[in-house]
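*Asks:* Here's a structure for you.
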Amino acid sequence: MKKWYVLVLITFLSGCSSMGVEPWERDVLAKDSMQLVPDYFDNFYDEHIYFSKEASSGGQGVGGGGCGCN
Amino acid sequence: MQLIKITKKLGVASCALLQVPAAAVNAADSEWDIDTALLFYSESDSRVQAIEPAVYAGKNLGDDGERIDLRIVVDSLTGATPNGAHAISATNGAPQTFTTPSGNDSYTAVAGENPLDDTFLDTRVAVGADWTLPLDRLSRVKLGLNASNEYDYLSLGVSGSYIRDLNSKNTTLTASVAFNNDTYEPEGGIPTALTPMRAAGTGINRDGSDDDKTITDFLIGVTQVVSRDTLIELNYSFGLSDGYLTDPFKIVSVVDATGALADTGTFAPGTDNLPYVYENRPDSRQRNNLFFRVAHNLSDDVVHLSYRYFWDDWGISSNTLDLKYRFDMGQSYLQPHVRYYMQEEADFYRHNLTLDEFNAGSVTDISSDSRLMKFTTTTLGLKYGYALSKNSELSLRGEVMNQSFDDPGSARSEEETPDLDAIILNVAYSFVW
Amino acid sequence: MNRCISFILFVFIFFAQNSFATPSQAPQINLPGIEGNVQLEKLKGKVVYLDFWASWCVPCKKSFPWLHEIKQSYADQGFEVIAVNLDKDRKLADEFLQVMDVNFMVAFDESGESASRYKLKGMPSSYLIGRDGKLYASHIGFREKDKAKLEQAIKKLLAK
């Protein structure tokens with residue numbers, strides 16, 4: 001039952017090639033507030049607190065977005 | 001004064017394994033991006049209080065994308081935490097007496113009071129470093145090291161990620177792996193699981209001086225630019241924890257058929273055994289996460305929404321929903337935040353252990369740790385940020401957190417696990433140097 | 001499934017210069033500039049370094065001093081620099097230019113149409129156009145270590 005979640009990821013991938021913007025249309029994505037995690041320590045502290053107060057942890061941690069320069 | 005492992009009170013360095021994303025990069029190549037922050041965390045009812053200063057420093061090494069990110073966090077904790085036993089109602093009798101982890105002292109909880117162990121005060125230092133090395137214009141690797149230390153606990157970890165851009169950088173794939181090893185050596189040693197807590201001064205049954213656990217984590221993720229205003233992220237992660245996963249000084253109340261604390265047989269008065277046994281958890285745990293996040297821009301405002309589904313082989317599953325909306329006010333911003341978390345209980349979570357079960361030895365894994373219960377955490381917060389200059393910002397964030405437990409095992413309402421309320425305050429200052 | 005595979009086998013672009021074996025005519029540029037129009041056609045006979053930039057692009061900031069330098073060095077050999085701005089908000093471009101030493105032509109293309117015609121693959125991107133108006137090379141990104149190579153290519157075209 002849970003394996004289909006991974007299939008979602010793969011299906012997602014194959015559809016990706018048609019989505020997106022041109023390299024010169026990344027002005028909004030370049031904004032600090034549009035990064036996946038704009039507040040470094042907010043996110044760090046929260047993950048830290050909830051790790052010790054709850055039984056779940058993890059899930060985050062990828063790159064991407066931004067201005068895509070160079 | 002006996003010290004209890006701080007890490008169980010407010011987190012282990014291993015939580016930072018794969019979860020530390022890049023900070024905003026504003027500095028030119030010759031400059032450092034610096035983030036400084038101070039967290040103040042305080043629970044109600046004289047429970048845990050923590051002060052946590054932290055510093056991040058990051059720098060591009062050249063203009064090819066090579067980068068180093070460093071961080072140091074210091075945790076200073078005080079206060080009390082629940083030991084696993086429950087409040088006893090007035091009709092059930094006398095105050096409950098417990099023995100401290102050293103075995104030398106005792107503490108009590110009167111009728112109706114949630115038993116809390118306050119015999120700890122500790123400081124922990126955690127450091128981490130990441131090095132990003134580009135392989136070519138569209139791919140890079142990121143290597144990470146992390147370590148944290150308390151006087152009786154050491155956690156060491158390494159991580160590696162491969163990141164690849166596709167579709168003119170509209171799509172980014174990430175694959176990560178991380179290993180962590182945690183060693184714990186409590187003063188006096190680790191109590192033997194499922195054996196009774198013995199009265200102060202009579203000697204705790206010990207298993208050995210130390211134990212450790214190994215944690216391995218894997219993550220695959222995709223980030224996709226959907227439009228000029230929208231970015232999404234989808235990850236699947238798998239983690240395996242192996243070794244000593246028990247919370248060594250947490251106990252489970254042993255009760256007789258009427259629900260009162262056991263006082264016959266092994267637990268008869270005079271035997272030096274208190275009616276509690278040390279908990280025991282399985283020595284392995286497989287964790288899974290499915291995580292989705294979207295960042296969406298609406299004129300100048302930005303909304304961040306994330307959802308996480310977690311499940312493991314201890315029977316725990318959870319749903320987390322997190323929403324932040326940033327109102328852009330030019331030089332400043334206001335960002336309300338709401339987080340909603342719902343968790344199912346662990347298979348081996350029990351409100352109590354019965355005397356019959358103890359005598360039969362039929363229960364091998366058991367814990368009354370409220371963190372393994374069915375509960376809901378609701379957090380509401382507000383953050384205010386002010387740009388002092390083009391590359392520096394001062395911000396203040398305040399949040400209130402409530403945990404409310406579903407305690408069907410408790411026979412009487414006073415024995416139910418009480419709500420946990422906490423406030424979180426953090427101030428942060430980021431700049432370029 | 002095929003889409004999936006072809007997606008995964010995507011050919012990535014090397015950051016090294018991309019030279020054109022049989023150069024074709026460079027796509028037209030006719031855009032508003034700081035003073036009047038900037039027209040590529042009018043620069044036939046000169047070697048043109050065409051650069052696409054935006055205010056939100058950090059490497060673009062670093063490229064400007066170098067553009068100033070090369071314009072100065074080679075202008076007398078018949079060399080021009082055109083920096084085409086792709087900001088959607090002209091104000092941001094003006095703010096950027098205010099703190100820069102600009103001795104070359106700047107053109108503004110809010111729609112990004114010229115970038116499309118040049119099949120731009122990353123920001124910033126630069127193109128070398130010969131005296132015959134043909135496109136000889138393209139380059140994605142701006143890095144310290146690329147400067148020497150780029151300058152070499154310019155000198156070669158000037159010598160032709």
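Residue numbers start at 1 in each chain; chains themselves are named A, B, ... in the order of the structure tokens; ligands are numbered from 1 in the order shown.
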Please return, as a count of residues only, all residues of region 94-332 of chain B that DSSP assigns to strand (DSSP E or B) on the basis of the backbone.

*Replies:* 157

*Asks:* I'd like a table as CSV: residues in chain A with an atom no more than 8 Å from chain B, each row giving the shortest atom pair and its distance in Å to one decimal, only C-alpha atoms counted, sorted by chain and rising residue number.

*Replies:*
```
residue,atom,partner,partner_atom,distance
A:Tyr5,CA,B:Leu290,CA,7.5
A:Val6,CA,B:Tyr236,CA,7.1
A:Leu9,CA,B:Leu234,CA,7.2
A:Leu13,CA,B:Val222,CA,7.5
A:Cys16,CA,B:Thr171,CA,7.0
A:Ser17,CA,B:Asn167,CA,6.1
A:Met19,CA,B:Val226,CA,5.7
A:Gly20,CA,B:Val226,CA,5.0
A:Val21,CA,B:Ser227,CA,5.9
A:Glu22,CA,B:Ser168,CA,7.6
A:Pro23,CA,B:Ser168,CA,6.9
A:Glu25,CA,B:Arg228,CA,6.3
A:Arg26,CA,B:Arg228,CA,6.3
A:Asp27,CA,B:Arg228,CA,7.8
A:Val28,CA,B:Asp229,CA,6.2
A:Leu29,CA,B:Asp229,CA,6.9
A:Asp32,CA,B:Ala24,CA,6.0
A:Ser33,CA,B:Val302,CA,6.7
A:Met34,CA,B:Ala295,CA,6.2
A:Gln35,CA,B:Ala295,CA,7.5
A:Leu36,CA,B:Ala295,CA,6.5
A:Val37,CA,B:Pro21,CA,6.8
A:Pro38,CA,B:Ala24,CA,6.5
A:Asp39,CA,B:Ala23,CA,7.3
A:Tyr40,CA,B:Ala23,CA,5.3
A:Phe41,CA,B:Ala37,CA,6.8
A:Asp42,CA,B:Asn426,CA,7.9
A:Phe44,CA,B:Val20,CA,6.9
A:Tyr45,CA,B:Leu39,CA,7.5
A:Glu47,CA,B:Cys15,CA,7.4
A:His48,CA,B:Gly11,CA,5.6
A:Ile49,CA,B:Leu10,CA,6.1
A:Phe51,CA,B:Gly11,CA,5.8
A:Ser52,CA,B:Gly11,CA,4.5
A:Lys53,CA,B:Arg371,CA,6.1
A:Glu54,CA,B:Arg371,CA,5.3
A:Ala55,CA,B:Arg371,CA,5.9
A:Ser56,CA,B:Phe310,CA,6.5
A:Ser57,CA,B:Cys15,CA,7.1
A:Gly58,CA,B:Gln19,CA,6.6
A:Gly59,CA,B:Asn289,CA,5.2
A:Gln60,CA,B:Gln19,CA,5.1
A:Gly61,CA,B:Gln19,CA,4.5
A:Val62,CA,B:Thr174,CA,5.9
A:Gly63,CA,B:Thr174,CA,6.7
A:Gly64,CA,B:Thr172,CA,5.2
A:Gly65,CA,B:Val225,CA,6.6
A:Gly68,CA,B:Lys169,CA,6.2
A:Asn70,CA,B:Arg137,CA,7.0
```

*Asks:* Store the residues picked out above, limited to N, CA and C atoms, as a tab-separated table (two decimals), in the first residue's frame.

*Replies:*
```
chain	number	residue	atom	x	y	z
A	5	TYR	N	3.36	5.40	-2.93
A	5	TYR	CA	3.89	6.74	-2.69
A	5	TYR	C	5.15	6.96	-3.50
A	6	VAL	N	5.98	5.92	-3.59
A	6	VAL	CA	7.23	6.03	-4.34
A	6	VAL	C	6.93	6.13	-5.83
A	9	LEU	N	6.24	9.58	-6.90
A	9	LEU	CA	7.48	10.33	-7.11
A	9	LEU	C	7.98	10.14	-8.54
A	13	LEU	N	8.17	12.75	-11.72
A	13	LEU	CA	9.40	13.01	-12.45
A	13	LEU	C	9.18	13.03	-13.96
A	16	CYS	N	7.72	16.09	-15.33
A	16	CYS	CA	8.46	17.31	-15.04
A	16	CYS	C	9.02	18.00	-16.26
A	17	SER	N	9.37	17.22	-17.29
A	17	SER	CA	10.10	17.81	-18.41
A	17	SER	C	9.33	18.90	-19.14
A	19	MET	N	7.30	21.13	-17.54
A	19	MET	CA	6.99	22.25	-16.66
A	19	MET	C	8.18	23.16	-16.45
A	20	GLY	N	7.90	24.40	-16.13
A	20	GLY	CA	8.99	25.27	-15.73
A	20	GLY	C	8.95	26.62	-16.40
A	21	VAL	N	10.04	27.36	-16.21
A	21	VAL	CA	10.16	28.70	-16.78
A	21	VAL	C	11.47	28.83	-17.53
A	22	GLU	N	11.56	29.86	-18.34
A	22	GLU	CA	12.80	30.14	-19.06
A	22	GLU	C	13.83	30.65	-18.07
A	23	PRO	N	15.12	30.48	-18.39
A	23	PRO	CA	16.16	30.91	-17.45
A	23	PRO	C	16.09	32.39	-17.08
A	25	GLU	N	13.36	34.00	-16.58
A	25	GLU	CA	12.12	34.30	-15.86
A	25	GLU	C	12.18	33.88	-14.40
A	26	ARG	N	13.39	33.86	-13.83
A	26	ARG	CA	13.54	33.38	-12.46
A	26	ARG	C	13.68	34.49	-11.43
A	27	ASP	N	13.20	35.69	-11.79
A	27	ASP	CA	13.34	36.81	-10.85
A	27	ASP	C	12.66	36.54	-9.52
A	28	VAL	N	11.43	36.04	-9.53
A	28	VAL	CA	10.70	35.77	-8.29
A	28	VAL	C	11.37	34.63	-7.53
A	29	LEU	N	11.79	33.59	-8.26
A	29	LEU	CA	12.42	32.44	-7.61
A	29	LEU	C	13.75	32.80	-6.95
A	32	ASP	N	14.87	35.87	-1.66
A	32	ASP	CA	15.17	35.10	-0.45
A	32	ASP	C	13.92	34.39	0.07
A	33	SER	N	12.81	35.11	0.08
A	33	SER	CA	11.58	34.55	0.65
A	33	SER	C	10.99	33.42	-0.18
A	34	MET	N	11.51	33.22	-1.40
A	34	MET	CA	11.00	32.15	-2.24
A	34	MET	C	11.90	30.91	-2.22
A	35	GLN	N	12.91	30.93	-1.37
A	35	GLN	CA	13.72	29.71	-1.25
A	35	GLN	C	12.89	28.69	-0.48
A	36	LEU	N	13.20	27.42	-0.65
A	36	LEU	CA	12.40	26.37	0.00
A	36	LEU	C	12.41	26.52	1.52
A	37	VAL	N	13.55	26.92	2.06
A	37	VAL	CA	13.63	27.19	3.50
A	37	VAL	C	14.23	28.59	3.67
A	38	PRO	N	13.38	29.62	3.72
A	38	PRO	CA	13.92	30.97	3.80
A	38	PRO	C	14.49	31.36	5.15
A	39	ASP	N	14.04	30.70	6.22
A	39	ASP	CA	14.49	31.09	7.56
A	39	ASP	C	15.31	29.97	8.15
A	40	TYR	N	16.62	30.07	8.01
A	40	TYR	CA	17.52	28.99	8.40
A	40	TYR	C	17.32	28.48	9.82
A	41	PHE	N	17.50	29.35	10.81
A	41	PHE	CA	17.42	28.87	12.19
A	41	PHE	C	15.99	28.62	12.66
A	42	ASP	N	15.01	29.29	12.06
A	42	ASP	CA	13.62	28.98	12.41
A	42	ASP	C	13.37	27.52	12.15
A	44	PHE	N	15.62	25.15	11.68
A	44	PHE	CA	16.50	24.30	12.49
A	44	PHE	C	15.94	24.12	13.89
A	45	TYR	N	15.57	25.21	14.53
A	45	TYR	CA	15.04	25.14	15.90
A	45	TYR	C	13.75	24.33	15.93
A	47	GLU	N	12.68	21.97	13.85
A	47	GLU	CA	12.96	20.55	13.65
A	47	GLU	C	13.51	19.93	14.94
A	48	HIS	N	14.32	20.66	15.62
A	48	HIS	CA	14.97	20.27	16.86
A	48	HIS	C	13.92	20.07	17.97
A	49	ILE	N	13.04	21.04	18.12
A	49	ILE	CA	12.01	20.98	19.16
A	49	ILE	C	11.07	19.81	18.89
A	51	PHE	N	11.49	17.19	17.07
A	51	PHE	CA	12.17	15.91	17.14
A	51	PHE	C	12.16	15.38	18.56
A	52	SER	N	12.31	16.28	19.54
A	52	SER	CA	12.36	15.82	20.92
A	52	SER	C	10.99	15.73	21.58
A	53	LYS	N	9.98	16.34	20.99
A	53	LYS	CA	8.66	16.28	21.60
A	53	LYS	C	7.69	15.35	20.88
A	54	GLU	N	8.09	14.87	19.72
A	54	GLU	CA	7.22	14.00	18.93
A	54	GLU	C	7.97	12.76	18.49
A	55	ALA	N	7.23	11.79	17.99
A	55	ALA	CA	7.88	10.54	17.60
A	55	ALA	C	8.32	10.52	16.14
A	56	SER	N	7.97	11.55	15.37
A	56	SER	CA	8.35	11.57	13.95
A	56	SER	C	9.53	12.49	13.75
A	57	SER	N	10.28	12.24	12.72
A	57	SER	CA	11.38	13.15	12.39
A	57	SER	C	11.74	12.96	10.94
A	58	GLY	N	12.33	13.99	10.37
A	58	GLY	CA	12.89	13.87	9.04
A	58	GLY	C	11.96	14.25	7.91
A	59	GLY	N	12.41	13.99	6.71
A	59	GLY	CA	11.63	14.25	5.51
A	59	GLY	C	12.16	15.39	4.66
A	60	GLN	N	12.83	16.34	5.28
A	60	GLN	CA	13.27	17.51	4.52
A	60	GLN	C	14.70	17.36	4.03
A	61	GLY	N	15.15	18.34	3.30
A	61	GLY	CA	16.58	18.39	2.94
A	61	GLY	C	16.96	18.24	1.49
A	62	VAL	N	16.52	19.13	0.63
A	62	VAL	CA	16.92	19.03	-0.78
A	62	VAL	C	17.35	20.38	-1.32
A	63	GLY	N	17.91	20.35	-2.50
A	63	GLY	CA	18.31	21.59	-3.17
A	63	GLY	C	17.30	21.93	-4.26
A	64	GLY	N	17.51	23.02	-4.95
A	64	GLY	CA	16.63	23.41	-6.06
A	64	GLY	C	16.05	24.79	-5.89
A	65	GLY	N	15.36	25.27	-6.91
A	65	GLY	CA	14.78	26.60	-6.87
A	65	GLY	C	15.85	27.66	-7.08
A	68	GLY	N	19.04	29.96	-10.32
A	68	GLY	CA	19.56	29.05	-11.34
A	68	GLY	C	20.71	29.63	-12.14
A	70	ASN	N	24.51	30.70	-13.44
A	70	ASN	CA	25.81	30.02	-13.65
A	70	ASN	C	25.70	28.51	-13.78
```

*Asks:* Which value, in Å to one decimal, gives the distance between CA of Val277 (chain B) and CA of Asp45 (chain B)?

*Replies:*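 It comes out at 25.2 Å.
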
*Asks:* Per residue of chain C within 8 Å of chain A, which atom pair is closest and at what distance in Å (one decimal), using only C-alpha atoms, listed by chain and increasing number, as a Markdown table?

*Replies:*
```
| residue | atom | partner | partner_atom | distance |
| --- | --- | --- | --- | --- |
| C:Met1 | CA | A:Ser14 | CA | 7.9 |
| C:Arg3 | CA | A:Ser14 | CA | 6.2 |
| C:Cys4 | CA | A:Ser14 | CA | 4.6 |
| C:Phe7 | CA | A:Ser17 | CA | 6.7 |
| C:Ala54 | CA | A:Trp24 | CA | 7.6 |
| C:Trp56 | CA | A:Asp27 | CA | 6.0 |
| C:Cys57 | CA | A:Cys69 | CA | 6.4 |
| C:Val58 | CA | A:Cys69 | CA | 7.4 |
| C:Pro59 | CA | A:Asn70 | CA | 7.0 |
| C:Leu86 | CA | A:Trp24 | CA | 6.5 |
| C:Asp87 | CA | A:Asp27 | CA | 7.6 |
| C:Gly112 | CA | A:Trp24 | CA | 7.1 |
| C:Ala115 | CA | A:Trp24 | CA | 7.8 |
| C:Leu120 | CA | A:Pro23 | CA | 7.3 |
| C:Lys121 | CA | A:Pro23 | CA | 6.2 |
| C:Gly122 | CA | A:Pro23 | CA | 5.2 |
| C:Met123 | CA | A:Cys69 | CA | 5.0 |
| C:Pro124 | CA | A:Cys69 | CA | 6.8 |
| C:Ile140 | CA | A:Asn70 | CA | 6.7 |
| C:Gly141 | CA | A:Asn70 | CA | 4.0 |
| C:Phe142 | CA | A:Asn70 | CA | 6.3 |
| C:Arg143 | CA | A:Asn70 | CA | 7.8 |
```

*Asks:* Would you write out those residues with C-alpha atoms, as a PDB file, in the first residue's frame?

*Replies:*
```pdb
ATOM      1  CA  MET C   1       8.173   4.990 -19.596  1.00  0.00           C
ATOM      2  CA  ARG C   3       9.474   9.809 -21.567  1.00  0.00           C
ATOM      3  CA  CYS C   4      10.852   8.820 -18.226  1.00  0.00           C
ATOM      4  CA  PHE C   7      14.104  12.551 -19.312  1.00  0.00           C
ATOM      5  CA  ALA C  54      19.216  40.725 -15.035  1.00  0.00           C
ATOM      6  CA  TRP C  56      18.602  39.472  -9.699  1.00  0.00           C
ATOM      7  CA  CYS C  57      21.464  37.517 -11.227  1.00  0.00           C
ATOM      8  CA  VAL C  58      24.484  37.564  -8.901  1.00  0.00           C
ATOM      9  CA  PRO C  59      27.146  36.512 -11.460  1.00  0.00           C
ATOM     10  CA  LEU C  86      15.781  40.922 -19.131  1.00  0.00           C
ATOM     11  CA  ASP C  87      14.246  42.351 -15.940  1.00  0.00           C
ATOM     12  CA  GLY C 112      12.545  38.214 -23.042  1.00  0.00           C
ATOM     13  CA  ALA C 115      16.578  35.749 -25.309  1.00  0.00           C
ATOM     14  CA  LEU C 120      19.263  31.247 -24.063  1.00  0.00           C
ATOM     15  CA  LYS C 121      19.948  28.355 -21.685  1.00  0.00           C
ATOM     16  CA  GLY C 122      21.162  30.033 -18.513  1.00  0.00           C
ATOM     17  CA  MET C 123      21.781  33.345 -16.829  1.00  0.00           C
ATOM     18  CA  PRO C 124      23.918  35.140 -17.706  1.00  0.00           C
ATOM     19  CA  ILE C 140      26.592  30.179 -20.314  1.00  0.00           C
ATOM     20  CA  GLY C 141      27.405  31.695 -16.948  1.00  0.00           C
ATOM     21  CA  PHE C 142      30.177  34.000 -15.815  1.00  0.00           C
ATOM     22  CA  ARG C 143      33.148  32.783 -13.797  1.00  0.00           C
TER      23      ARG C 143
END
```

*Asks:* Residues at most 9 Å from region 94-98 of chain C, counting only C-alpha atoms, excluding those fewer than 2 positions away in the same chain, as an mmCIF file with C-alpha atoms, in the first residue's frame?

*Replies:*
```
data_model
loop_
_atom_site.group_PDB
_atom_site.id
_atom_site.type_symbol
_atom_site.label_atom_id
_atom_site.label_comp_id
_atom_site.auth_asym_id
_atom_site.auth_seq_id
_atom_site.Cartn_x
_atom_site.Cartn_y
_atom_site.Cartn_z
ATOM 1 C CA ALA C 54 19.216 40.725 -15.035
ATOM 2 C CA SER C 55 19.384 42.607 -11.725
ATOM 3 C CA LYS C 61 27.018 41.834 -11.147
ATOM 4 C CA ARG C 90 12.752 48.369 -15.486
ATOM 5 C CA LYS C 91 13.245 50.128 -12.155
ATOM 6 C CA LEU C 92 15.345 47.229 -10.846
ATOM 7 C CA MET C 100 27.967 50.292 -12.247
ATOM 8 C CA ASP C 101 30.575 51.859 -14.484
ATOM 9 C CA VAL C 102 28.965 51.405 -17.889
#
```
